[in-house]
Amino acid sequence: MNIVVCAKQVPNTQNVQINSETKNIVREGIPSILNPYDANAIEESLKIRDLTGGHVTAISMGPLQAADVLQEALDMGADRAILLCDRLFAGADTLATGYTLSVIIKRLNADLVLCGSEAIDGSTGQVGPIIAENLGWPQMTCVRKIKIGRNTIAGIREQKDGMEQLEGKLPMVICVQKGINQPRAGMPSGKRPEIFSADDVGFDKSLLGVVGSPTRVVQISMSGKGVSGFVFIDGSMPVEKRVRTMMRGGITPRKINFVRGDTEKLTSVILKDEEVKKYID
């Protein structure tokens with residue numbers, strides 16, 4: 001099976017800054033990492049290749065420094081890696097990015113494309129589906145588990161109200177969720193990513209980069225720092241009590257007494273309350 005997996009270099013979201021003029025994320029000088037969802041996509045592509053045989057090519061689009069995430073893919077076990085690097089690709093929105101990646105995927109004669117469900121710097125979840133539309137292929141998104149059949153491929157996908165199982169034939173685009181697997185540690189492979197420019201591939205240059213991007217960001221507002229916390233569950237508690245504590249998020253339930261009656265009865269009850277008496281001469 002000829003598998004292509006998409007990988008993106010993203011800034012560490014704890015250090016995100018926005019260019020006030022272009023409204024784009026400032027990437028210069030910001031530590032970058034492999035998009036976590038794409039690490040899962042790489043791992044899943046390697047698992048499928050090891051099961052069915054074939055070849056895995058990792059691809060990315062970005063500046064020369066993006067070769068680092070493709071090196072990670074090669075060191076994890078990918079057979080080949082290609083970086084699309086050209087000034088003409090700069091400033092691409094999801095539409096232009098999806099088009100650009102779909103062209104190289106078509107050139108690679110892929111049977112299966114794996115993507116992360118989203119990138120943590122934008123969280124649009126659009127690039128995988130745009131690739132599928134450009135290729136004219138079926139797609140599965142938010143996939144938690146993949147099962148390879150003799151002539152089919154099945155995916156269990158996450159929905160708001162549960163799980164859904166879909167099945168189809170190749171070629172296909174599948175976007176995987178974080179947690180579908182545990183990405184393996186990389187080992188030096190001795191391989192290096194290949195670098196392709198816009199002239200190396202048959203692109204319609206009117207669909208690349210800023211020129212091919214209809215999206216216009218008018219305003220961006222930064223949210224406050226997120227607050228994180230956890231609930232400590234005492235392991236010595238009985239199982240039932242532990243489960244109930246987790247379901248309540250550690251909050252102790254309070255018993256509320258409701259009083260029914262006419263105005264006179266309710267007034268009598270209120271006047272007897274110790275908190276109310278503080279305010280009565």
# chains A, B, ... in the order shown; residues from 1 in each chain; ligands from 1
$ residues_around --residues "Asp111 of chain A" --least-positions-apart "2" --cutoff "7 Å" --atoms "only C-alpha atoms" --output "PyMOL selection string"
chain A and resi 1-3+109+113+170-172
$ write_last_selection --atoms "N, CA and C atoms" --output "compact mmCIF listing (two decimals), in the first residue's frame"
# COMPACT_ATOMS: atom_id res chain seq x y z
N MET A 1 0.85 -1.20 0.00
CA MET A 1 0.00 0.00 0.00
C MET A 1 0.89 1.25 0.00
N ASN A 2 0.56 2.19 -0.85
CA ASN A 2 1.32 3.44 -0.95
C ASN A 2 0.63 4.48 -0.07
N ILE A 3 1.23 4.79 1.07
CA ILE A 3 0.62 5.67 2.07
C ILE A 3 1.35 7.01 2.11
N ASN A 109 0.97 9.08 -6.40
CA ASN A 109 0.10 7.92 -6.65
C ASN A 109 -0.28 7.20 -5.35
N VAL A 113 -4.24 8.37 2.36
CA VAL A 113 -3.65 9.58 2.95
C VAL A 113 -4.11 9.66 4.40
N LEU A 170 -10.42 1.90 -0.85
CA LEU A 170 -9.35 2.82 -1.21
C LEU A 170 -9.52 3.27 -2.66
N PRO A 171 -8.99 4.45 -3.00
CA PRO A 171 -8.21 5.37 -2.19
C PRO A 171 -9.09 6.17 -1.23
N MET A 172 -8.49 6.67 -0.14
CA MET A 172 -9.26 7.37 0.88
C MET A 172 -8.35 8.30 1.67
$ residues_around --residues "Val173 of chain A" --least-positions-apart "4" --cutoff "9 Å" --atoms "only C-alpha atoms" --output "PDB file with N, CA and C atoms, in the first residue's frame"
ATOM      1  N   ASP A 111      -2.385   5.534  -2.282  1.00  0.00           N
ATOM      2  CA  ASP A 111      -3.606   4.746  -2.082  1.00  0.00           C
ATOM      3  C   ASP A 111      -4.372   5.228  -0.857  1.00  0.00           C
ATOM      4  N   LEU A 112      -3.617   5.729   0.129  1.00  0.00           N
ATOM      5  CA  LEU A 112      -4.205   6.148   1.395  1.00  0.00           C
ATOM      6  C   LEU A 112      -3.464   7.379   1.899  1.00  0.00           C
ATOM      7  N   VAL A 113      -4.238   8.374   2.356  1.00  0.00           N
ATOM      8  CA  VAL A 113      -3.654   9.580   2.951  1.00  0.00           C
ATOM      9  C   VAL A 113      -4.106   9.662   4.399  1.00  0.00           C
ATOM     10  N   LEU A 114      -3.157   9.855   5.304  1.00  0.00           N
ATOM     11  CA  LEU A 114      -3.469  10.038   6.716  1.00  0.00           C
ATOM     12  C   LEU A 114      -3.069  11.446   7.147  1.00  0.00           C
ATOM     13  N   CYS A 115      -3.951  12.092   7.885  1.00  0.00           N
ATOM     14  CA  CYS A 115      -3.695  13.422   8.432  1.00  0.00           C
ATOM     15  C   CYS A 115      -4.103  13.420   9.899  1.00  0.00           C
ATOM     16  N   GLY A 128      -7.453  18.225   5.863  1.00  0.00           N
ATOM     17  CA  GLY A 128      -7.702  16.856   5.407  1.00  0.00           C
ATOM     18  C   GLY A 128      -8.900  16.751   4.479  1.00  0.00           C
ATOM     19  N   PRO A 129     -10.075  17.282   4.887  1.00  0.00           N
ATOM     20  CA  PRO A 129     -11.232  17.252   3.995  1.00  0.00           C
ATOM     21  C   PRO A 129     -11.017  17.995   2.681  1.00  0.00           C
ATOM     22  N   ILE A 131      -8.141  18.269   1.091  1.00  0.00           N
ATOM     23  CA  ILE A 131      -7.339  17.349   0.280  1.00  0.00           C
ATOM     24  C   ILE A 131      -8.241  16.309  -0.381  1.00  0.00           C
ATOM     25  N   ALA A 132      -9.149  15.729   0.399  1.00  0.00           N
ATOM     26  CA  ALA A 132     -10.054  14.708  -0.133  1.00  0.00           C
ATOM     27  C   ALA A 132     -10.907  15.263  -1.270  1.00  0.00           C
ATOM     28  N   TRP A 137     -11.766  11.952  -3.469  1.00  0.00           N
ATOM     29  CA  TRP A 137     -11.748  10.700  -2.716  1.00  0.00           C
ATOM     30  C   TRP A 137     -12.727  10.764  -1.550  1.00  0.00           C
ATOM     31  N   PRO A 138     -13.198   9.601  -1.078  1.00  0.00           N
ATOM     32  CA  PRO A 138     -13.976   9.576   0.175  1.00  0.00           C
ATOM     33  C   PRO A 138     -13.068   9.899   1.347  1.00  0.00           C
ATOM     34  N   GLN A 139     -13.684  10.283   2.460  1.00  0.00           N
ATOM     35  CA  GLN A 139     -12.895  10.667   3.627  1.00  0.00           C
ATOM     36  C   GLN A 139     -13.571  10.209   4.911  1.00  0.00           C
ATOM     37  N   MET A 140     -12.763  10.016   5.942  1.00  0.00           N
ATOM     38  CA  MET A 140     -13.247   9.778   7.305  1.00  0.00           C
ATOM     39  C   MET A 140     -12.523  10.756   8.212  1.00  0.00           C
ATOM     40  N   THR A 141     -13.256  11.419   9.087  1.00  0.00           N
ATOM     41  CA  THR A 141     -12.652  12.379  10.008  1.00  0.00           C
ATOM     42  C   THR A 141     -12.862  11.945  11.452  1.00  0.00           C
TER      43      THR A 141
END
$ select_by_dssp --residues "segment 12-174 of chain A" --states "strand (DSSP E or B)" --output "MDAnalysis selection string"
chainID A and resid 18 25 32:34 55:61 80:84 112:116 139:148 153:159 162:168 172:174
$ residues_around --residues "segment 87-92 of chain A" --least-positions-apart "3" --cutoff "12 Å" --atoms "only C-alpha atoms" --output "PyMOL selection string"
chain A and resi 22-27+60-64+83-84+95-101+127+196-199+203-217
$ closest_residue --among "A:Gly168, A:Cys6, A:Cys142, A:Lys191" --to "Ala154 of chain A" --atoms "only C-alpha atoms"
A:Gly168
$ atom_distance --atom1 "atom CA of Arg49 of chain A" --atom2 "atom CA of Asn181 of chain A"
14.8 Å
$ residues_around --residues "Arg80 of chain A" --least-positions-apart "5" --cutoff "7 Å" --atoms "only C-alpha atoms" --output "ChimeraX atom specification"
/A:56-58,74
